[in-house]
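Quick look at upload.pdb (PDB, C-alpha atoms, pLDDT in the B column):
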```pdb
ATOM      1  CA  MET A   1      19.731  18.748 -16.043  1.00 57.00           C
ATOM      2  CA  GLN A   2      23.347  18.033 -15.253  1.00 71.00           C
ATOM      3  CA  TYR A   3      25.407  19.801 -12.610  1.00 78.00           C
ATOM      4  CA  ASP A   4      28.061  21.968 -14.263  1.00 90.00           C
ATOM      5  CA  PRO A   5      30.730  23.375 -11.926  1.00 94.00           C
ATOM      6  CA  LYS A   6      31.721  26.023 -14.491  1.00 95.00           C
ATOM      7  CA  VAL A   7      28.176  27.392 -14.560  1.00 96.00           C
ATOM      8  CA  ILE A   8      27.895  27.477 -10.780  1.00 97.00           C
ATOM      9  CA  GLY A   9      31.253  29.228 -10.599  1.00 97.00           C
ATOM     10  CA  GLY A  10      30.050  31.795 -13.104  1.00 97.00           C
ATOM     11  CA  VAL A  11      26.842  32.399 -11.164  1.00 98.00           C
ATOM     12  CA  ILE A  12      28.798  32.854  -7.938  1.00 98.00           C
ATOM     13  CA  LYS A  13      31.204  35.241  -9.654  1.00 98.00           C
ATOM     14  CA  SER A  14      28.271  37.235 -11.030  1.00 98.00           C
ATOM     15  CA  LEU A  15      26.694  37.484  -7.565  1.00 98.00           C
ATOM     16  CA  ARG A  16      29.999  38.698  -6.142  1.00 98.00           C
ATOM     17  CA  LYS A  17      30.513  41.326  -8.825  1.00 98.00           C
ATOM     18  CA  LYS A  18      26.931  42.617  -8.434  1.00 98.00           C
ATOM     19  CA  ARG A  19      27.747  43.299  -4.795  1.00 97.00           C
ATOM     20  CA  GLY A  20      31.028  44.977  -5.694  1.00 98.00           C
ATOM     21  CA  TRP A  21      32.960  42.504  -3.581  1.00 98.00           C
ATOM     22  CA  THR A  22      36.460  41.210  -4.146  1.00 98.00           C
ATOM     23  CA  GLN A  23      37.136  37.503  -3.844  1.00 98.00           C
ATOM     24  CA  GLU A  24      38.794  38.282  -0.519  1.00 98.00           C
ATOM     25  CA  ILE A  25      35.593  39.840   0.840  1.00 98.00           C
ATOM     26  CA  ALA A  26      33.321  37.082  -0.510  1.00 98.00           C
ATOM     27  CA  SER A  27      35.557  34.330   0.796  1.00 98.00           C
ATOM     28  CA  GLY A  28      35.628  36.015   4.198  1.00 98.00           C
ATOM     29  CA  PHE A  29      31.825  36.119   4.398  1.00 98.00           C
ATOM     30  CA  ALA A  30      31.749  32.458   3.335  1.00 98.00           C
ATOM     31  CA  THR A  31      34.491  31.540   5.839  1.00 98.00           C
ATOM     32  CA  LEU A  32      36.587  29.974   3.074  1.00 98.00           C
ATOM     33  CA  GLY A  33      40.163  30.535   2.040  1.00 97.00           C
ATOM     34  CA  ARG A  34      40.449  32.989  -0.846  1.00 97.00           C
ATOM     35  CA  SER A  35      42.232  30.522  -3.119  1.00 97.00           C
ATOM     36  CA  HIS A  36      39.610  27.846  -2.416  1.00 97.00           C
ATOM     37  CA  TYR A  37      36.838  30.346  -3.159  1.00 98.00           C
ATOM     38  CA  ALA A  38      38.617  31.498  -6.338  1.00 98.00           C
ATOM     39  CA  SER A  39      38.955  27.909  -7.561  1.00 98.00           C
ATOM     40  CA  ILE A  40      35.192  27.435  -7.220  1.00 98.00           C
ATOM     41  CA  GLU A  41      34.553  30.572  -9.279  1.00 97.00           C
ATOM     42  CA  CYS A  42      36.871  29.064 -11.908  1.00 97.00           C
ATOM     43  CA  GLY A  43      34.814  25.875 -12.096  1.00 96.00           C
ATOM     44  CA  LYS A  44      36.342  23.512  -9.565  1.00 96.00           C
ATOM     45  CA  VAL A  45      33.804  21.051  -8.154  1.00 93.00           C
ATOM     46  CA  ALA A  46      32.641  22.104  -4.688  1.00 92.00           C
ATOM     47  CA  GLU A  47      31.114  20.050  -1.927  1.00 95.00           C
ATOM     48  CA  ILE A  48      27.569  20.815  -0.821  1.00 95.00           C
ATOM     49  CA  ASP A  49      28.644  22.281   2.529  1.00 97.00           C
ATOM     50  CA  THR A  50      30.957  24.695   0.725  1.00 97.00           C
ATOM     51  CA  LEU A  51      28.181  25.778  -1.632  1.00 97.00           C
ATOM     52  CA  SER A  52      25.928  26.229   1.393  1.00 97.00           C
ATOM     53  CA  LYS A  53      28.479  28.588   2.973  1.00 98.00           C
ATOM     54  CA  ILE A  54      28.746  30.556  -0.261  1.00 98.00           C
ATOM     55  CA  ALA A  55      24.964  30.806  -0.586  1.00 98.00           C
ATOM     56  CA  ALA A  56      24.715  32.068   3.008  1.00 98.00           C
ATOM     57  CA  ALA A  57      27.396  34.683   2.297  1.00 98.00           C
ATOM     58  CA  PHE A  58      25.072  36.109  -0.363  1.00 98.00           C
ATOM     59  CA  ASP A  59      22.007  35.825   1.918  1.00 98.00           C
ATOM     60  CA  LEU A  60      20.576  33.040  -0.239  1.00 98.00           C
ATOM     61  CA  ARG A  61      19.227  29.612   0.556  1.00 98.00           C
ATOM     62  CA  LEU A  62      21.150  26.837  -1.110  1.00 96.00           C
ATOM     63  CA  SER A  63      18.027  26.058  -3.136  1.00 96.00           C
ATOM     64  CA  GLU A  64      17.997  29.662  -4.412  1.00 97.00           C
ATOM     65  CA  LEU A  65      21.611  29.363  -5.532  1.00 97.00           C
ATOM     66  CA  PHE A  66      20.757  26.148  -7.378  1.00 95.00           C
ATOM     67  CA  ARG A  67      17.744  27.834  -8.979  1.00 96.00           C
ATOM     68  CA  LEU A  68      20.036  30.580 -10.299  1.00 96.00           C
ATOM     69  CA  VAL A  69      22.360  27.914 -11.678  1.00 95.00           C
ATOM     70  CA  GLU A  70      19.453  26.066 -13.302  1.00 94.00           C
ATOM     71  CA  ASP A  71      18.215  29.330 -14.842  1.00 95.00           C
ATOM     72  CA  GLU A  72      21.677  29.963 -16.285  1.00 94.00           C
ATOM     73  CA  ILE A  73      21.920  26.434 -17.692  1.00 92.00           C
ATOM     74  CA  ASP A  74      18.468  26.853 -19.274  1.00 92.00           C
ATOM     75  CA  ARG A  75      19.500  30.220 -20.726  1.00 92.00           C
ATOM     76  CA  GLU A  76      22.682  28.757 -22.216  1.00 88.00           C
ATOM     77  CA  THR A  77      20.781  25.776 -23.614  1.00 86.00           C
ATOM     78  CA  ASN A  78      18.237  27.993 -25.337  1.00 87.00           C
ATOM     79  CA  GLU A  79      20.774  30.293 -26.994  1.00 79.00           C
TER      80      GLU A  79
END
```
Let me see the structure of the file written as structure tokens.
Amino acid sequence: MQYDPKVIGGVIKSLRKKRGWTQEIASGFATLGRSHYASIECGKVAEIDTLSKIAAAFDLRLSELFRLVEDEIDRETNE
């Protein structure tokens, strides 16, 4: 399975919307600048420490975030 920054961005965006958060709120919880956070949602490649901060903002382990990404990649592959 290959890492796809667009898929991870989509998963992060979905998590944010499920919580009813704006990008400003999510980026604040992740201690990231809003524009940096927004670029990740749009598919920009993120470093592991940044993804770890985002996972923590959603009360997830990094491994759980990756599992959600893998599930989404599997779902897209099987469509």
- request: Quick one: everything within 12 Å of Asp59 of chain A, counting only C-alpha atoms, minus sequence neighbours fewer than 5 positions away in the same chain. Send it as number ranges by chain.
  value: A: 15-16, 19, 26, 29-30, 52-54, 64-65
Excluding same-chain residues fewer than 6 positions from Val11 of chain A, what lies within 9 Å of it counting all atoms listed in the file, as an MDAnalysis selection string? chainID A and resid 41 65 68:69 72
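Among A:Ala57, A:Gln2, A:Gly43, A:Asp49, the residue with the shortest atom-to-atom distance to Ile25 of chain A, counting all atoms listed in the file, is A:Ala57.
Taking atom CA of Ile8 of chain A and atom CA of Cys42 of chain A as the two end points, the separation is 9.2 Å.
Here atom CA of His36 of chain A and atom CA of Gln23 of chain A stand 10.1 Å from one another.
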Kindly provide, as lines of an AutoDock Vina configuration file, the centre and edge lengths (Å, one decimal) of an axis-aligned box around all atoms of segment 6-23 of chain A given in the file, with 4 Å on each side.
```
center_x = 31.9
center_y = 35.5
center_z = -9.1
size_x = 18.4
size_y = 27.0
size_z = 19.0
```
| request: Please identify all polymer residues within 12 Å of Glu76 of chain A, counting only C-alpha atoms, omitting same-chain residues fewer than 6 positions from it, and present them as a ChimeraX atom specification. | output: /A:4,7,69-70
If you keep C-alpha atoms, can you produce a file of those selected residues as a short mmCIF file (atom, residue, chain, number, x, y, z; two decimals), in the frame of the given file?
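Okay, this is what ended up in result_1.cif:
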```cif
data_model
loop_
_atom_site.label_atom_id
_atom_site.label_comp_id
_atom_site.auth_asym_id
_atom_site.auth_seq_id
_atom_site.Cartn_x
_atom_site.Cartn_y
_atom_site.Cartn_z
CA ASP A 4 28.06 21.97 -14.26
CA VAL A 7 28.18 27.39 -14.56
CA VAL A 69 22.36 27.91 -11.68
CA GLU A 70 19.45 26.07 -13.30
#
```
With distances taken over all atoms listed in the file, the candidate from A:Thr22, A:Arg34, A:Tyr3, A:Ile12 nearest Phe58 of chain A is A:Ile12
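Atom CA of Ala38 of chain A lies 8.8 Å from atom CA of Gly9 of chain A.
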